[in-house]
There are 2 protein chains.
Amino acid sequence: MLNERMVALGTQRSVIRELFEFGKKRAAEIGAENVFDFSIGNPSVPSPDCVNETAIRLIQEMDPVVLHGYTSAQGDLGVRMMMADSANKRFQTNFHADNFYVTVGAAAGLCCCLNGICNPGDEVIVFAPYFPEYKVFIEGTGATMKLIPADIEAFQIDFEAFEAAINEKTKAVIVNSPNNPSGAVYSEETVKKLAAVLDEASSKYHQPIYLITDEPYREIVFSGYNVPFIPKYYKNTLVCYSWSKSLSLPGERLGYVIVPDEAEDSKLVYAAVAGAGRSLGYVCAPGLFQRVCAECANETADISVYETNKTLLTKSLREMGYHVVEPQGTFYMFPRTLINDDIAFCEKAKDFNLLIVPGTGFGCSGHTRISYCVPTSRIEKSLDAFDKLAKFYR
Amino acid sequence: MLNERMVALGTQRSVIRELFEFGKKRAAEIGAENVFDFSIGNPSVPSPDCVNETAIRLIQEMDPVVLHGYTSAQGDLGVRMMMADSANKRFQTNFHADNFYVTVGAAAGLCCCLNGICNPGDEVIVFAPYFPEYKVFIEGTGATMKLIPADIEAFQIDFEAFEAAINEKTKAVIVNSPNNPSGAVYSEETVKKLAAVLDEASSKYHQPIYLITDEPYREIVFSGYNVPFIPKYYKNTLVCYSWSKSLSLPGERLGYVIVPDEAEDSKLVYAAVAGAGRSLGYVCAPGLFQRVCAECANETADISVYETNKTLLTKSLREMGYHVVEPQGTFYMFPRTLINDDIAFCEKAKDFNLLIVPGTGFGCSGHTRISYCVPTSRIEKSLDAFDKLAKFYR
């Protein structure tokens, strides 16, 4: 008599969580330094000093009734002005405060966007490999997820499959670039082509298809690459951002949605996002960290370690015979497993105390996700285990 | 093509919000000290020193990667242990950490409970006068709200109407004691009778009817009264708590759900609540304030001003001829309006620069909500306006 879907969501233990528990058990047996846990996407570098300094200054200087009081549901006005200002400087845009809806992280932002625009029976297109909670969030609205198979050569978009999947029920497309789990960044060419396909399909079906862009990794991009700012290419874009990764604040839950003026019926879309926030119980985003993130919006943690790790791991794994599409951003990579059965492969990896996640959960079997948001020393120490795993299959 | 319900929820400007905007406009015209805004339930007293001291200490002493990192979805284990410990000391209970699911405030807790237990077509019973977002949260699950008319003599429960409303579709009942907007506290007699009715109905319909108790005002109770701890009276109780009012932290969004072991299928109910949290995009509650609230769980802000205000206002309004059921807790009172049309009455009050909220929005016309979480001086200065309003109708 309970809601069966919710019971199932609360009961299923995720593969990542299982790995985490296994890792704790192994660490107790053989020492934490001998367990190579690459399962979790928790930033390993501390927040920049700006974060804690700003938090302490605000606590010491602001009226606590204001600091800890309700902000307006869409976020404090001053905070939204600072966020718009930061975006305008970085992306040469013309946003104003009312384009921003401050959220309890990117997950909340995605839920607000999806619940605001979707009706039961709608379809939302997602590209493999994908962050598995998208399916949960989409199905929470009564819509269904339509998964486009991965372009495993470059982790861009298989446009043939994408175009074939669009129909009159297509309400939205979710993209995530830089991508979890592949580390790929969509090239400007990919973004332009995506926009062209969506423009054409929106015309054909006489309704906008929204492009929801999940961007928590926007700042974690490696030298030689940059991340096209998608609203400049497609007007019906809803940006879901989070400071979880750039400021190493995943537990504080702070992000925003941008609804650009250029979106059709922009004010109604914004109202729908805000109305969804209200319906889902999001009264406002946490007040102290609204202000902290706004003040630190132009900073990042020292994310250079992720590039160091990426370079070391890509080179080493390739030398061992692994096939790796070199990541362009994030702190993930998504090499091919040495057998087709990625679940069996990752199970075998545990024999070498390597904790890596099967690609199947990301909609892309035959691959494994390695989260390298870890100390570089852990990677160095783990190379022998990766090599033994490769030798086992050769 | 957007979700019409969400557009409507995001577009409707609340009566309280309208009053707030009117107040700002009037303040610019005649000076803020001459506008008597009793519209908003934002605590007027600062957080206890414990809050800011603990926040600063944690920021200075804890590893930032841990402090600002993801906690487990149900809340940090140490935090939940402290919360259980605090509840056990105060209510002589035997809770453990796994009875607690830490939430982004009570609104999130209510949404997680409702989405976890409700299916489309279910009914959820609410007693007038009631906090209007309950309807939004209930309808978000596909269930419908069934409103029981108010007991306007004492703001307890009209049991005859309540019993007549229960049927095989009744999935849950929401109570809010101390109550927004009436300030009433359910007596032990009321709680016992409520439990008896629910026990009988659960037997009759062969399924538990859940009692969801929304308790953000639990600590704001006036001398001579106490708030029965409802799980002791009815096993299928889900407690939704928030520190918004007791610690004056409404903007930081921190609370919890308790699922007692005594609830039928307790572990499944807990899973359903957690699954709903996942589906609604609540990854975890904000990490810093999880720890701050756990450490300050036995403290409150200096809430004595609310009793001072209550006493002054009750006595003064009664002398002017208003009918007031004296509040036993919260920082609201809900006197009768001097004409039946409470909306016209509150509109007229604006002529005297008195901002008070019509009872109609709380499901109880002929009344008005006065939020006295304001400096006592504002109440003293406002008495002449209340008197003029009374004289206008005499």
# chains A, B, ... in the order shown; residues from 1 in each chain; ligands from 1
$ interface_residues --of "chain B" --to "chain A" --cutoff "6 Å" --atoms "only C-alpha atoms" --output "short mmCIF file (atom, residue, chain, number, x, y, z; two decimals) with N, CA and C atoms, in the first residue's frame"
data_model
loop_
_atom_site.label_atom_id
_atom_site.label_comp_id
_atom_site.auth_asym_id
_atom_site.auth_seq_id
_atom_site.Cartn_x
_atom_site.Cartn_y
_atom_site.Cartn_z
N LEU B 2 3.71 23.27 -21.35
CA LEU B 2 4.39 23.13 -20.06
C LEU B 2 3.46 22.39 -19.12
N ASN B 3 3.93 22.07 -17.95
CA ASN B 3 3.04 21.45 -16.97
C ASN B 3 2.18 22.55 -16.36
N MET B 6 2.25 23.29 -12.60
CA MET B 6 3.47 23.95 -12.11
C MET B 6 3.48 25.42 -12.52
N VAL B 7 3.03 25.70 -13.75
CA VAL B 7 2.96 27.11 -14.17
C VAL B 7 2.05 27.87 -13.20
N LEU B 9 1.27 27.13 -10.10
CA LEU B 9 1.90 27.25 -8.77
C LEU B 9 2.99 28.31 -8.77
N GLY B 10 3.67 28.45 -9.90
CA GLY B 10 4.75 29.43 -9.96
C GLY B 10 4.27 30.84 -10.28
N THR B 11 3.05 30.94 -10.76
CA THR B 11 2.53 32.24 -11.19
C THR B 11 1.69 32.91 -10.11
N PRO B 46 17.25 36.27 16.95
CA PRO B 46 18.41 35.61 16.32
C PRO B 46 18.57 34.17 16.81
N PRO B 64 37.78 20.20 5.36
CA PRO B 64 36.73 20.76 4.49
C PRO B 64 36.18 19.74 3.49
N VAL B 65 37.03 18.78 3.08
CA VAL B 65 36.53 17.78 2.12
C VAL B 65 35.42 16.93 2.77
N HIS B 68 32.21 19.64 3.84
CA HIS B 68 31.38 20.09 2.73
C HIS B 68 31.09 18.97 1.73
N GLY B 69 31.53 17.74 2.05
CA GLY B 69 31.32 16.61 1.13
C GLY B 69 29.92 16.02 1.27
N TYR B 70 29.58 15.15 0.33
CA TYR B 70 28.31 14.44 0.44
C TYR B 70 28.25 13.73 1.79
N ALA B 107 9.26 21.07 5.04
CA ALA B 107 8.52 20.97 3.78
C ALA B 107 9.04 19.77 2.98
N ALA B 108 10.35 19.62 2.92
CA ALA B 108 10.93 18.46 2.24
C ALA B 108 10.52 17.18 2.95
N CYS B 111 7.04 16.30 1.97
CA CYS B 111 6.99 15.79 0.59
C CYS B 111 7.55 14.37 0.51
N GLY B 116 6.27 9.07 -0.43
CA GLY B 116 6.63 7.70 -0.09
C GLY B 116 5.44 6.81 0.15
N ILE B 117 4.38 7.36 0.73
CA ILE B 117 3.25 6.50 1.11
C ILE B 117 2.05 6.62 0.20
N CYS B 118 1.92 7.71 -0.54
CA CYS B 118 0.68 7.92 -1.30
C CYS B 118 0.76 7.36 -2.72
N ASN B 119 -0.38 6.94 -3.20
CA ASN B 119 -0.57 6.58 -4.60
C ASN B 119 -1.70 7.44 -5.15
N VAL B 136 -0.71 21.69 -1.77
CA VAL B 136 0.25 21.60 -2.88
C VAL B 136 1.04 20.30 -2.79
N PHE B 137 1.52 20.01 -1.59
CA PHE B 137 2.36 18.82 -1.41
C PHE B 137 1.54 17.54 -1.65
N GLY B 140 0.75 17.03 -5.28
CA GLY B 140 1.97 16.64 -6.00
C GLY B 140 2.16 15.14 -6.09
N LEU B 249 16.32 29.41 12.04
CA LEU B 249 17.15 29.07 10.88
C LEU B 249 16.32 28.72 9.65
N PRO B 250 15.22 29.45 9.38
CA PRO B 250 14.34 28.97 8.31
C PRO B 250 15.01 28.93 6.94
N GLY B 251 15.99 29.78 6.72
CA GLY B 251 16.64 29.80 5.41
C GLY B 251 17.67 28.71 5.21
N GLU B 252 18.09 28.05 6.31
CA GLU B 252 19.15 27.04 6.15
C GLU B 252 18.59 25.66 5.83
N ARG B 253 17.30 25.47 5.98
CA ARG B 253 16.60 24.27 5.51
C ARG B 253 17.15 22.99 6.14
N ALA B 271 12.29 3.17 3.79
CA ALA B 271 12.80 3.07 2.41
C ALA B 271 11.95 3.93 1.47
N ALA B 272 10.64 3.93 1.69
CA ALA B 272 9.76 4.71 0.83
C ALA B 272 10.04 6.21 0.98
N ALA B 274 12.90 7.55 1.96
CA ALA B 274 14.21 7.80 1.35
C ALA B 274 14.13 7.73 -0.18
N GLY B 275 13.34 6.79 -0.69
CA GLY B 275 13.17 6.68 -2.15
C GLY B 275 12.51 7.93 -2.70
N ALA B 276 11.54 8.46 -1.96
CA ALA B 276 10.89 9.70 -2.40
C ALA B 276 11.90 10.84 -2.41
N SER B 279 13.82 10.53 -5.52
CA SER B 279 13.05 10.88 -6.72
C SER B 279 12.80 12.38 -6.84
N GLY B 281 14.89 14.65 -5.89
CA GLY B 281 16.15 15.36 -6.12
C GLY B 281 16.89 15.80 -4.87
N PRO B 286 21.90 19.82 3.72
CA PRO B 286 23.16 20.58 3.73
C PRO B 286 24.09 20.14 4.87
N GLY B 287 25.35 19.84 4.51
CA GLY B 287 26.26 19.17 5.42
C GLY B 287 26.65 19.98 6.65
#
$ residues_around --residues "region 77-81 of chain A" --least-positions-apart "4" --cutoff "8 Å" --atoms "only C-alpha atoms" --output "PyMOL selection string"
chain A and resi 72+85+96-98+100-102+290-291+294
$ write_last_selection --atoms "N, CA and C atoms" --output "tab-separated table (two decimals), in the first residue's frame"
chain	number	residue	atom	x	y	z
A	72	SER	N	13.75	34.75	-0.73
A	72	SER	CA	12.63	34.48	-1.62
A	72	SER	C	12.86	33.12	-2.27
A	85	ASP	N	25.88	38.39	-12.93
A	85	ASP	CA	27.07	39.18	-13.24
A	85	ASP	C	28.26	38.27	-13.57
A	96	HIS	N	20.06	38.65	-16.44
A	96	HIS	CA	19.74	39.46	-15.27
A	96	HIS	C	19.26	38.52	-14.17
A	97	ALA	N	19.06	39.10	-13.00
A	97	ALA	CA	18.76	38.27	-11.82
A	97	ALA	C	17.57	37.35	-12.05
A	98	ASP	N	16.57	37.83	-12.79
A	98	ASP	CA	15.35	37.03	-12.94
A	98	ASP	C	15.46	35.91	-13.97
A	100	PHE	N	17.71	33.72	-13.21
A	100	PHE	CA	18.30	32.73	-12.30
A	100	PHE	C	17.29	32.27	-11.26
A	101	TYR	N	17.23	30.97	-11.09
A	101	TYR	CA	16.44	30.37	-10.02
A	101	TYR	C	17.42	29.52	-9.21
A	102	VAL	N	17.68	29.92	-7.98
A	102	VAL	CA	18.72	29.26	-7.17
A	102	VAL	C	18.16	27.95	-6.60
A	290	GLN	N	23.97	30.21	-0.29
A	290	GLN	CA	23.60	31.06	-1.43
A	290	GLN	C	24.59	32.20	-1.54
A	291	ARG	N	24.83	32.84	-0.39
A	291	ARG	CA	25.70	34.03	-0.39
A	291	ARG	C	27.16	33.66	-0.61
A	294	ALA	N	27.67	32.80	-4.29
A	294	ALA	CA	27.61	34.01	-5.13
A	294	ALA	C	28.91	34.78	-5.03
$ residues_around --residues "Val325 (chain A)" --least-positions-apart "6" --cutoff "12 Å" --atoms "only C-alpha atoms" --output "number ranges by chain"
A: 151-156, 181-185, 310-311, 313-315, 317-318, 332-336, 367-369
$ write_last_selection --atoms "C-alpha atoms" --output "compact mmCIF listing (two decimals), in the first residue's frame"
# COMPACT_ATOMS: atom_id res chain seq x y z
CA ASP A 151 29.10 6.96 -29.61
CA ILE A 152 31.87 4.84 -28.13
CA GLU A 153 34.56 6.23 -30.41
CA ALA A 154 34.48 9.77 -29.05
CA PHE A 155 31.49 10.01 -26.67
CA GLN A 156 29.98 12.77 -28.78
CA PRO A 181 31.06 9.06 -16.77
CA SER A 182 33.03 9.53 -20.00
CA GLY A 183 34.86 12.78 -19.31
CA ALA A 184 34.01 13.92 -22.86
CA VAL A 185 33.28 17.55 -23.66
CA LYS A 310 43.88 12.03 -15.99
CA THR A 311 47.19 12.27 -17.85
CA LEU A 313 46.06 7.24 -15.80
CA THR A 314 45.37 7.57 -19.51
CA LYS A 315 49.00 7.01 -20.44
CA LEU A 317 46.28 2.29 -18.90
CA ARG A 318 47.01 2.60 -22.61
CA TYR A 332 36.07 10.45 -14.65
CA MET A 333 37.25 8.26 -17.45
CA PHE A 334 35.39 5.45 -19.14
CA PRO A 335 37.77 2.87 -20.64
CA ARG A 336 36.59 -0.28 -22.36
CA HIS A 367 33.07 -0.07 -20.24
CA THR A 368 33.99 0.87 -16.69
CA ARG A 369 33.95 4.21 -14.90
$ closest_residue --among "B:Cys364, B:Asp199, B:Ser246, B:Leu338" --to "Tyr306 (chain B)" --atoms "only C-alpha atoms"
B:Ser246
$ atom_distance --atom1 "CA of Tyr217 (chain A)" --atom2 "CA of Lys192 (chain A)"
20.2 Å
$ residues_around --residues "Leu198 (chain A)" --least-positions-apart "6" --cutoff "10 Å" --atoms "only C-alpha atoms" --output "list in words"
Glu163, Ile166, Ala172, Val173, Lys192, Lys204, Pro208, Ile209, Tyr210, Leu211, Tyr234 and Asn236 of chain A
$ select_by_dssp --residues "region 140-217 of chain A" --states "strand (DSSP E or B)" --output "count of residues only"
16
$ closest_residue --among "A:Val175, A:Asp351, A:Gly31, A:Gln92" --to "Leu147 (chain A)" --atoms "only C-alpha atoms"
A:Val175
$ closest_residue --among "A:Glu189, A:Thr103, A:Ile370, A:Val197" --to "Cys346 (chain A)" --atoms "only C-alpha atoms"
A:Ile370
$ atom_distance --atom1 "CA of Ser187 (chain A)" --atom2 "CA of Ser304 (chain A)"
21.4 Å
$ residues_around --residues "Ile220 (chain A)" --least-positions-apart "4" --cutoff "7 Å" --atoms "only C-alpha atoms" --output "MDAnalysis selection string"
chainID A and resid 246 303 329:330
$ residues_around --residues "Cys296 (chain A)" --least-positions-apart "6" --cutoff "10 Å" --atoms "only C-alpha atoms" --output "PyMOL selection string"
chain A and resi 48-51+54+82-83+86+243+247
$ write_last_selection --atoms "C-alpha atoms" --output "PDB file, in the first residue's frame"
ATOM      1  CA  PRO A  48      39.155  27.369  -2.114  1.00  0.00           C
ATOM      2  CA  ASP A  49      39.922  29.577   0.903  1.00  0.00           C
ATOM      3  CA  CYS A  50      37.309  32.019  -0.330  1.00  0.00           C
ATOM      4  CA  VAL A  51      34.548  29.613   0.722  1.00  0.00           C
ATOM      5  CA  THR A  54      33.354  34.162   3.228  1.00  0.00           C
ATOM      6  CA  MET A  82      25.933  38.391  -8.478  1.00  0.00           C
ATOM      7  CA  MET A  83      25.342  35.074 -10.223  1.00  0.00           C
ATOM      8  CA  SER A  86      29.530  36.303 -12.978  1.00  0.00           C
ATOM      9  CA  TRP A 243      28.957  24.405  -7.224  1.00  0.00           C
ATOM     10  CA  LEU A 247      34.029  24.676  -5.264  1.00  0.00           C
TER      11      LEU A 247
END
$ decode --residues "region 15-29 of chain B" --atoms "all heavy atoms" --output "mmCIF file, in the first residue's frame"
data_model
loop_
_atom_site.group_PDB
_atom_site.id
_atom_site.type_symbol
_atom_site.label_atom_id
_atom_site.label_comp_id
_atom_site.auth_asym_id
_atom_site.auth_seq_id
_atom_site.Cartn_x
_atom_site.Cartn_y
_atom_site.Cartn_z
ATOM 1 N N VAL B 15 -1.215 35.601 -1.165
ATOM 2 C CA VAL B 15 -1.781 36.742 -0.460
ATOM 3 C C VAL B 15 -0.727 37.365 0.452
ATOM 4 O O VAL B 15 -0.599 38.584 0.552
ATOM 5 C CB VAL B 15 -2.999 36.274 0.375
ATOM 6 C CG1 VAL B 15 -3.572 37.438 1.169
ATOM 7 C CG2 VAL B 15 -4.053 35.658 -0.522
ATOM 8 N N ILE B 16 0.051 36.493 1.103
ATOM 9 C CA ILE B 16 1.067 36.981 2.031
ATOM 10 C C ILE B 16 2.117 37.787 1.289
ATOM 11 O O ILE B 16 2.543 38.849 1.724
ATOM 12 C CB ILE B 16 1.685 35.793 2.800
ATOM 13 C CG1 ILE B 16 0.599 35.155 3.685
ATOM 14 C CG2 ILE B 16 2.879 36.233 3.630
ATOM 15 C CD1 ILE B 16 1.010 33.878 4.378
ATOM 16 N N ARG B 17 2.501 37.275 0.123
ATOM 17 C CA ARG B 17 3.481 37.970 -0.696
ATOM 18 C C ARG B 17 2.943 39.341 -1.159
ATOM 19 O O ARG B 17 3.660 40.336 -1.158
ATOM 20 C CB ARG B 17 3.821 37.087 -1.900
ATOM 21 C CG ARG B 17 4.901 37.599 -2.795
ATOM 22 C CD ARG B 17 6.271 37.224 -2.303
ATOM 23 N NE ARG B 17 7.228 38.158 -2.880
ATOM 24 C CZ ARG B 17 8.442 38.366 -2.435
ATOM 25 N NH1 ARG B 17 8.891 37.706 -1.398
ATOM 26 N NH2 ARG B 17 9.244 39.230 -3.001
ATOM 27 N N GLU B 18 1.671 39.385 -1.545
ATOM 28 C CA GLU B 18 1.034 40.650 -1.947
ATOM 29 C C GLU B 18 1.084 41.647 -0.795
ATOM 30 O O GLU B 18 1.371 42.832 -0.979
ATOM 31 C CB GLU B 18 -0.437 40.421 -2.331
ATOM 32 C CG GLU B 18 -0.664 39.573 -3.556
ATOM 33 C CD GLU B 18 -0.536 40.369 -4.859
ATOM 34 O OE1 GLU B 18 -0.170 41.551 -4.809
ATOM 35 O OE2 GLU B 18 -0.793 39.773 -5.919
ATOM 36 N N LEU B 19 0.757 41.158 0.397
ATOM 37 C CA LEU B 19 0.783 42.028 1.566
ATOM 38 C C LEU B 19 2.190 42.564 1.812
ATOM 39 O O LEU B 19 2.387 43.738 2.130
ATOM 40 C CB LEU B 19 0.315 41.256 2.804
ATOM 41 C CG LEU B 19 -1.191 41.125 2.982
ATOM 42 C CD1 LEU B 19 -1.503 40.142 4.113
ATOM 43 C CD2 LEU B 19 -1.835 42.480 3.287
ATOM 44 N N PHE B 20 3.154 41.686 1.645
ATOM 45 C CA PHE B 20 4.539 42.063 1.859
ATOM 46 C C PHE B 20 4.945 43.192 0.904
ATOM 47 O O PHE B 20 5.569 44.183 1.296
ATOM 48 C CB PHE B 20 5.411 40.818 1.665
ATOM 49 C CG PHE B 20 6.878 41.062 1.816
ATOM 50 C CD1 PHE B 20 7.438 41.268 3.073
ATOM 51 C CD2 PHE B 20 7.716 41.073 0.713
ATOM 52 C CE1 PHE B 20 8.794 41.479 3.213
ATOM 53 C CE2 PHE B 20 9.071 41.291 0.845
ATOM 54 C CZ PHE B 20 9.616 41.497 2.097
ATOM 55 N N GLU B 21 4.555 43.042 -0.360
ATOM 56 C CA GLU B 21 4.887 44.066 -1.354
ATOM 57 C C GLU B 21 4.159 45.384 -1.037
ATOM 58 O O GLU B 21 4.730 46.467 -1.141
ATOM 59 C CB GLU B 21 4.513 43.594 -2.769
ATOM 60 C CG GLU B 21 5.273 42.366 -3.238
ATOM 61 C CD GLU B 21 6.776 42.612 -3.391
ATOM 62 O OE1 GLU B 21 7.181 43.772 -3.571
ATOM 63 O OE2 GLU B 21 7.546 41.624 -3.296
ATOM 64 N N PHE B 22 2.891 45.271 -0.636
ATOM 65 C CA PHE B 22 2.131 46.455 -0.241
ATOM 66 C C PHE B 22 2.834 47.161 0.923
ATOM 67 O O PHE B 22 2.970 48.393 0.947
ATOM 68 C CB PHE B 22 0.706 46.063 0.160
ATOM 69 C CG PHE B 22 -0.095 47.196 0.746
ATOM 70 C CD1 PHE B 22 -0.752 48.104 -0.079
ATOM 71 C CD2 PHE B 22 -0.170 47.366 2.126
ATOM 72 C CE1 PHE B 22 -1.465 49.165 0.463
ATOM 73 C CE2 PHE B 22 -0.892 48.424 2.673
ATOM 74 C CZ PHE B 22 -1.539 49.323 1.839
ATOM 75 N N GLY B 23 3.297 46.340 1.881
ATOM 76 C CA GLY B 23 3.972 46.903 3.054
ATOM 77 C C GLY B 23 5.221 47.678 2.678
ATOM 78 O O GLY B 23 5.479 48.768 3.203
ATOM 79 N N LYS B 24 5.982 47.134 1.736
ATOM 80 C CA LYS B 24 7.193 47.830 1.307
ATOM 81 C C LYS B 24 6.847 49.174 0.666
ATOM 82 O O LYS B 24 7.510 50.186 0.901
ATOM 83 C CB LYS B 24 7.973 46.963 0.306
ATOM 84 C CG LYS B 24 8.803 45.891 0.968
ATOM 85 C CD LYS B 24 9.990 45.458 0.117
ATOM 86 C CE LYS B 24 9.540 44.846 -1.198
ATOM 87 N NZ LYS B 24 10.643 44.185 -1.914
ATOM 88 N N LYS B 25 5.776 49.175 -0.134
ATOM 89 C CA LYS B 25 5.351 50.395 -0.819
ATOM 90 C C LYS B 25 4.892 51.442 0.212
ATOM 91 O O LYS B 25 5.284 52.611 0.153
ATOM 92 C CB LYS B 25 4.208 50.048 -1.793
ATOM 93 C CG LYS B 25 3.880 51.105 -2.814
ATOM 94 C CD LYS B 25 2.969 50.553 -3.906
ATOM 95 C CE LYS B 25 1.856 51.517 -4.283
ATOM 96 N NZ LYS B 25 0.642 51.448 -3.439
ATOM 97 N N ARG B 26 4.070 50.995 1.154
ATOM 98 C CA ARG B 26 3.569 51.907 2.185
ATOM 99 C C ARG B 26 4.726 52.447 3.026
ATOM 100 O O ARG B 26 4.727 53.625 3.416
ATOM 101 C CB ARG B 26 2.580 51.184 3.114
ATOM 102 C CG ARG B 26 1.152 51.172 2.657
ATOM 103 C CD ARG B 26 0.604 52.536 2.308
ATOM 104 N NE ARG B 26 -0.006 53.241 3.440
ATOM 105 C CZ ARG B 26 -0.244 54.551 3.459
ATOM 106 N NH1 ARG B 26 0.111 55.306 2.432
ATOM 107 N NH2 ARG B 26 -0.819 55.113 4.502
ATOM 108 N N ALA B 27 5.681 51.570 3.343
ATOM 109 C CA ALA B 27 6.815 51.996 4.160
ATOM 110 C C ALA B 27 7.573 53.126 3.481
ATOM 111 O O ALA B 27 8.026 54.076 4.129
ATOM 112 C CB ALA B 27 7.737 50.806 4.447
ATOM 113 N N ALA B 28 7.701 53.040 2.160
ATOM 114 C CA ALA B 28 8.397 54.092 1.421
ATOM 115 C C ALA B 28 7.615 55.402 1.501
ATOM 116 O O ALA B 28 8.192 56.490 1.500
ATOM 117 C CB ALA B 28 8.578 53.672 -0.036
ATOM 118 N N GLU B 29 6.288 55.297 1.594
ATOM 119 C CA GLU B 29 5.443 56.494 1.623
ATOM 120 C C GLU B 29 5.379 57.133 3.006
ATOM 121 O O GLU B 29 5.463 58.349 3.158
ATOM 122 C CB GLU B 29 4.008 56.129 1.179
ATOM 123 C CG GLU B 29 3.893 55.786 -0.299
ATOM 124 C CD GLU B 29 2.581 55.051 -0.631
ATOM 125 O OE1 GLU B 29 1.742 54.871 0.275
ATOM 126 O OE2 GLU B 29 2.433 54.658 -1.795
#
